[in-house]
file query19.pdb (PDB, C-alpha atoms)
ATOM      1  CA  MET K 187      20.679  -0.891   3.171
ATOM      2  CA  LEU K 188      20.472  -0.700  -0.605
ATOM      3  CA  LEU K 189      19.022  -4.206  -0.838
ATOM      4  CA  GLU K 190      16.449  -3.358   1.843
ATOM      5  CA  ALA K 191      15.363  -0.303  -0.138
ATOM      6  CA  LEU K 192      15.195  -2.234  -3.387
ATOM      7  CA  GLY K 193      13.330  -5.102  -1.740
ATOM      8  CA  SER K 194      10.831  -2.811  -0.081
ATOM      9  CA  ALA K 195      10.220  -0.909  -3.335
ATOM     10  CA  LEU K 196       9.572  -4.183  -5.144
ATOM     11  CA  LEU K 197       7.321  -5.306  -2.300
ATOM     12  CA  GLY K 198       5.336  -2.064  -2.479
ATOM     13  CA  MET K 199       5.011  -2.325  -6.247
ATOM     14  CA  ALA K 200       3.827  -5.921  -6.037
ATOM     15  CA  LEU K 201       1.313  -5.043  -3.343
ATOM     16  CA  ALA K 202      -0.032  -2.077  -5.307
ATOM     17  CA  TRP K 203      -0.243  -4.173  -8.461
ATOM     18  CA  ALA K 204      -2.150  -6.901  -6.601
ATOM     19  CA  ALA K 205      -4.521  -4.338  -5.104
ATOM     20  CA  GLU K 206      -5.082  -2.834  -8.537
ATOM     21  CA  LEU K 207      -5.941  -6.247  -9.967
ATOM     22  CA  ARG K 208      -8.160  -7.228  -7.043
ATOM     23  CA  LEU K 209     -10.034  -3.953  -6.438
ATOM     24  CA  PRO K 210      -9.974  -1.867  -9.636
ATOM     25  CA  HIS K 211     -13.477  -0.494  -9.046
ATOM     26  CA  ARG K 212     -12.591   0.868  -5.591
ATOM     27  CA  LEU K 213      -9.222   2.443  -6.385
ATOM     28  CA  PRO K 214      -8.306   5.569  -8.357
ATOM     29  CA  SER K 215      -6.159   5.376 -11.469
ATOM     30  CA  ARG K 216      -3.118   3.136 -11.677
ATOM     31  CA  THR K 217      -0.863   6.184 -12.015
ATOM     32  CA  LEU K 218      -1.693   7.036  -8.413
ATOM     33  CA  VAL K 219      -1.894   3.548  -6.908
ATOM     34  CA  LEU K 220       1.522   2.230  -7.986
ATOM     35  CA  PRO K 221       3.590   5.195  -6.729
ATOM     36  CA  THR K 222       1.623   5.225  -3.483
ATOM     37  CA  GLY K 223       2.474   1.581  -2.833
ATOM     38  CA  ILE K 224       6.147   2.133  -3.601
ATOM     39  CA  ALA K 225       6.399   5.323  -1.550
ATOM     40  CA  GLY K 226       4.583   3.739   1.372
ATOM     41  CA  ALA K 227       6.897   0.752   1.369
ATOM     42  CA  LEU K 228      10.011   2.918   1.149
ATOM     43  CA  PHE K 229       8.814   5.155   3.973
ATOM     44  CA  GLY K 230       7.928   2.142   6.108
ATOM     45  CA  ALA K 231      11.349   0.623   5.487
ATOM     46  CA  PHE K 232      13.008   3.939   6.374
ATOM     47  CA  VAL K 233      11.124   4.274   9.651
ATOM     48  CA  THR K 234      11.687   0.644  10.615
ATOM     49  CA  HIS K 235      15.365   0.705   9.695
ATOM     50  CA  SER K 236      15.847   3.974  11.581
ATOM     51  CA  SER K 237      14.247   2.626  14.731
ATOM     52  CA  LEU K 238      15.781  -0.872  14.738
ATOM     53  CA  GLY K 239      19.129  -0.230  13.087
ATOM     54  CA  PRO K 240      20.990  -2.392  10.602
ATOM     55  CA  GLY K 241      20.768  -6.171  10.607
ATOM     56  CA  HIS K 242      17.000  -6.542  10.833
ATOM     57  CA  VAL K 243      16.117  -7.186   7.203
ATOM     58  CA  ILE K 244      12.959  -9.212   7.818
ATOM     59  CA  ALA K 245      11.601  -6.675  10.296
ATOM     60  CA  THR K 246      12.415  -3.840   7.902
ATOM     61  CA  LEU K 247      10.523  -5.539   5.095
ATOM     62  CA  ALA K 248       7.620  -6.198   7.463
ATOM     63  CA  GLY K 249       7.527  -2.507   8.350
ATOM     64  CA  ALA K 250       7.555  -1.665   4.651
ATOM     65  CA  LEU K 251       4.648  -4.023   4.065
ATOM     66  CA  VAL K 252       2.595  -2.571   6.908
ATOM     67  CA  MET K 253       3.098   1.019   5.779
ATOM     68  CA  ALA K 254       2.341   0.201   2.138
ATOM     69  CA  VAL K 255      -0.902  -1.520   3.142
ATOM     70  CA  ALA K 256      -1.849   1.414   5.352
ATOM     71  CA  LEU K 257      -1.280   3.983   2.615
ATOM     72  CA  LEU K 258      -3.031   1.929  -0.039
ATOM     73  CA  SER K 259      -6.023   1.482   2.240
ATOM     74  CA  LEU K 260      -6.401   5.263   2.347
ATOM     75  CA  LEU K 261      -7.029   5.252  -1.398
ATOM     76  CA  LEU K 262      -9.992   2.868  -1.204
ATOM     77  CA  ARG K 263     -13.377   4.316  -2.038
ATOM     78  CA  PRO K 264     -16.570   2.918  -0.517
ATOM     79  CA  THR K 265     -18.729   0.656  -2.623
ATOM     80  CA  ARG K 266     -21.833   2.208  -4.087
ATOM     81  CA  GLY K 267     -24.239  -0.181  -2.383
ATOM     82  CA  ARG K 268     -22.886   0.593   1.065
ATOM     83  CA  ALA K 269     -23.064   4.352   0.432
ATOM     84  CA  ARG K 270     -26.710   4.078  -0.548
ATOM     85  CA  GLN K 271     -27.487   2.105   2.609
ATOM     86  CA  LEU K 272     -25.906   4.763   4.777
ATOM     87  CA  THR K 273     -27.757   7.644   3.129
ATOM     88  CA  ALA K 274     -31.102   5.809   3.169
ATOM     89  CA  ASN K 275     -31.175   5.589   6.964
TER      90      ASN K 275
END

call {"tool": "encode", "arguments": {"input": "query19.pdb", "output": "structure tokens"}}
result
Amino acid sequence: MLLEALGSALLGMALAWAAELRLPHRLPSRTLVLPTGIAGALFGAFVTHSSLGPGHVIATLAGALVMAVALLSLLLRPTRGRARQLTAN
């Protein structure tokens, strides 16, 4: 259980770091992005581990990945060009 939590926290941090490097113009500050990725991964691991039980490490890490991606996607802001297109119509 401890290794699943540690692995999912590292997975969430790596995912948030990669998102911050890839999309810095569409994300808020790094002080919000990194904890969101970690918290999302930990919550996803908790929910997956609670529903499946012990012994499903790969599935638990997959659940952590899915939840971290979902929470990080909520932080994305629209690009400026797309916002102008929507308001012009």

call {"tool": "closest_residue", "arguments": {"input": "query19.pdb", "among": "K:Arg266, K:Pro221, K:His235, K:Leu260", "to": "Ala248 in chain K", "atoms": "all atoms listed in the file"}}
result
K:His235

call {"tool": "resolve_selection", "arguments": {"input": "query19.pdb", "expression": "the PyMOL selection byres ((chain K and resi 229) around 10)", "output": "list in words"}}
result
Ala191, Ser194, Ala195, Gly223, Ile224, Ala225, Gly226, Ala227, Leu228, Gly230, Ala231, Phe232, Val233, Thr234, His235, Gly249, Ala250, Met253 and Ala254 of chain K

call {"tool": "resolve_selection", "arguments": {"input": "query19.pdb", "expression": "the PyMOL selection byres ((chain K and resi 189) around 12)", "output": "list in words"}}
result
Met187, Leu188, Glu190, Ala191, Leu192, Gly193, Ser194, Ala195, Leu196, Leu197, Leu228, Ala231, Pro240, Gly241, Val243, Ile244, Thr246 and Leu247 of chain K

call {"tool": "atom_distance", "arguments": {"input": "query19.pdb", "atom1": "CA of Arg263 in chain K", "atom2": "CA of Arg212 in chain K"}}
result
5.0 Å

call {"tool": "atom_distance", "arguments": {"input": "query19.pdb", "atom1": "CA of Ala245 in chain K", "atom2": "CA of Met199 in chain K"}}
result
18.3 Å

call {"tool": "axis_aligned_box", "arguments": {"input": "query19.pdb", "around": "range 222-227 of chain K", "padding_each_side": "3 Å", "output": "AutoDock Vina command-line options"}}
result
--center_x 4.3 --center_y 3.0 --center_z -1.1 --size_x 11.3 --size_y 10.6 --size_z 11.0

call {"tool": "atom_distance", "arguments": {"input": "query19.pdb", "atom1": "CA of Leu261 in chain K", "atom2": "CA of Leu213 in chain K"}}
result
6.1 Å

call {"tool": "residues_around", "arguments": {"input": "query19.pdb", "residues": "Arg216 in chain K", "least_positions_apart": "2", "cutoff": "12 Å", "atoms": "all atoms listed in the file", "output": "JSON, numbers by chain"}}
result
{"K": [199, 202, 203, 204, 205, 206, 207, 209, 210, 211, 212, 213, 214, 218, 219, 220, 221, 222, 223, 258, 261]}

call {"tool": "write_last_selection", "arguments": {"input": "query19.pdb", "atoms": "C-alpha atoms", "output": "PDB file, in the coordinates of the input"}}
result
ATOM      1  CA  MET K 199       5.011  -2.325  -6.247  1.00  0.00           C
ATOM      2  CA  ALA K 202      -0.032  -2.077  -5.307  1.00  0.00           C
ATOM      3  CA  TRP K 203      -0.243  -4.173  -8.461  1.00  0.00           C
ATOM      4  CA  ALA K 204      -2.150  -6.901  -6.601  1.00  0.00           C
ATOM      5  CA  ALA K 205      -4.521  -4.338  -5.104  1.00  0.00           C
ATOM      6  CA  GLU K 206      -5.082  -2.834  -8.537  1.00  0.00           C
ATOM      7  CA  LEU K 207      -5.941  -6.247  -9.967  1.00  0.00           C
ATOM      8  CA  LEU K 209     -10.034  -3.953  -6.438  1.00  0.00           C
ATOM      9  CA  PRO K 210      -9.974  -1.867  -9.636  1.00  0.00           C
ATOM     10  CA  HIS K 211     -13.477  -0.494  -9.046  1.00  0.00           C
ATOM     11  CA  ARG K 212     -12.591   0.868  -5.591  1.00  0.00           C
ATOM     12  CA  LEU K 213      -9.222   2.443  -6.385  1.00  0.00           C
ATOM     13  CA  PRO K 214      -8.306   5.569  -8.357  1.00  0.00           C
ATOM     14  CA  LEU K 218      -1.693   7.036  -8.413  1.00  0.00           C
ATOM     15  CA  VAL K 219      -1.894   3.548  -6.908  1.00  0.00           C
ATOM     16  CA  LEU K 220       1.522   2.230  -7.986  1.00  0.00           C
ATOM     17  CA  PRO K 221       3.590   5.195  -6.729  1.00  0.00           C
ATOM     18  CA  THR K 222       1.623   5.225  -3.483  1.00  0.00           C
ATOM     19  CA  GLY K 223       2.474   1.581  -2.833  1.00  0.00           C
ATOM     20  CA  LEU K 258      -3.031   1.929  -0.039  1.00  0.00           C
ATOM     21  CA  LEU K 261      -7.029   5.252  -1.398  1.00  0.00           C
TER      22      LEU K 261
END

call {"tool": "decode", "arguments": {"input": "query19.pdb", "residues": "range 241-262 of chain K", "atoms": "N, CA and C atoms", "output": "CSV table (one decimal), in the first residue's frame"}}
result
chain,number,residue,atom,x,y,z
K,241,GLY,N,-3.3,-6.1,-4.1
K,241,GLY,CA,-2.9,-7.0,-5.1
K,241,GLY,C,-3.0,-6.6,-6.5
K,242,HIS,N,-3.6,-5.4,-6.8
K,242,HIS,CA,-3.8,-4.9,-8.1
K,242,HIS,C,-3.0,-3.6,-8.3
K,243,VAL,N,-1.6,-3.7,-8.3
K,243,VAL,CA,-0.8,-2.6,-8.3
K,243,VAL,C,-0.9,-1.8,-9.7
K,244,ILE,N,-0.8,-2.6,-10.7
K,244,ILE,CA,-0.9,-1.9,-12.1
K,244,ILE,C,-2.2,-1.2,-12.3
K,245,ALA,N,-3.3,-1.8,-11.9
K,245,ALA,CA,-4.6,-1.2,-12.0
K,245,ALA,C,-4.7,0.0,-11.1
K,246,THR,N,-4.1,0.0,-9.9
K,246,THR,CA,-4.1,1.1,-9.0
K,246,THR,C,-3.4,2.3,-9.6
K,247,LEU,N,-2.2,2.0,-10.2
K,247,LEU,CA,-1.4,3.1,-10.8
K,247,LEU,C,-2.1,3.6,-12.0
K,248,ALA,N,-2.9,2.8,-12.8
K,248,ALA,CA,-3.7,3.2,-13.9
K,248,ALA,C,-4.8,4.2,-13.4
K,249,GLY,N,-5.4,3.8,-12.3
K,249,GLY,CA,-6.5,4.7,-11.8
K,249,GLY,C,-5.9,6.0,-11.3
K,250,ALA,N,-4.7,6.0,-10.8
K,250,ALA,CA,-4.0,7.2,-10.3
K,250,ALA,C,-3.7,8.1,-11.5
K,251,LEU,N,-3.3,7.5,-12.6
K,251,LEU,CA,-3.0,8.2,-13.8
K,251,LEU,C,-4.2,8.9,-14.4
K,252,VAL,N,-5.3,8.1,-14.5
K,252,VAL,CA,-6.5,8.6,-15.0
K,252,VAL,C,-7.0,9.8,-14.2
K,253,MET,N,-7.0,9.7,-12.9
K,253,MET,CA,-7.5,10.8,-12.1
K,253,MET,C,-6.6,12.0,-12.1
K,254,ALA,N,-5.3,11.8,-12.2
K,254,ALA,CA,-4.4,12.9,-12.3
K,254,ALA,C,-4.6,13.7,-13.6
K,255,VAL,N,-4.8,12.9,-14.7
K,255,VAL,CA,-5.0,13.6,-16.0
K,255,VAL,C,-6.3,14.3,-16.0
K,256,ALA,N,-7.4,13.8,-15.4
K,256,ALA,CA,-8.7,14.4,-15.3
K,256,ALA,C,-8.6,15.7,-14.5
K,257,LEU,N,-7.9,15.7,-13.4
K,257,LEU,CA,-7.8,16.9,-12.6
K,257,LEU,C,-6.9,18.0,-13.2
K,258,LEU,N,-5.9,17.6,-13.9
K,258,LEU,CA,-5.0,18.5,-14.6
K,258,LEU,C,-5.7,19.1,-15.8
K,259,SER,N,-6.6,18.4,-16.4
K,259,SER,CA,-7.3,18.9,-17.6
K,259,SER,C,-8.3,20.0,-17.1
K,260,LEU,N,-8.7,20.0,-15.9
K,260,LEU,CA,-9.6,21.0,-15.4
K,260,LEU,C,-8.9,22.4,-15.2
K,261,LEU,N,-7.6,22.3,-15.1
K,261,LEU,CA,-6.8,23.6,-15.0
K,261,LEU,C,-6.5,24.3,-16.3
K,262,LEU,N,-6.7,23.6,-17.4
K,262,LEU,CA,-6.4,24.2,-18.7
K,262,LEU,C,-7.3,25.3,-19.0
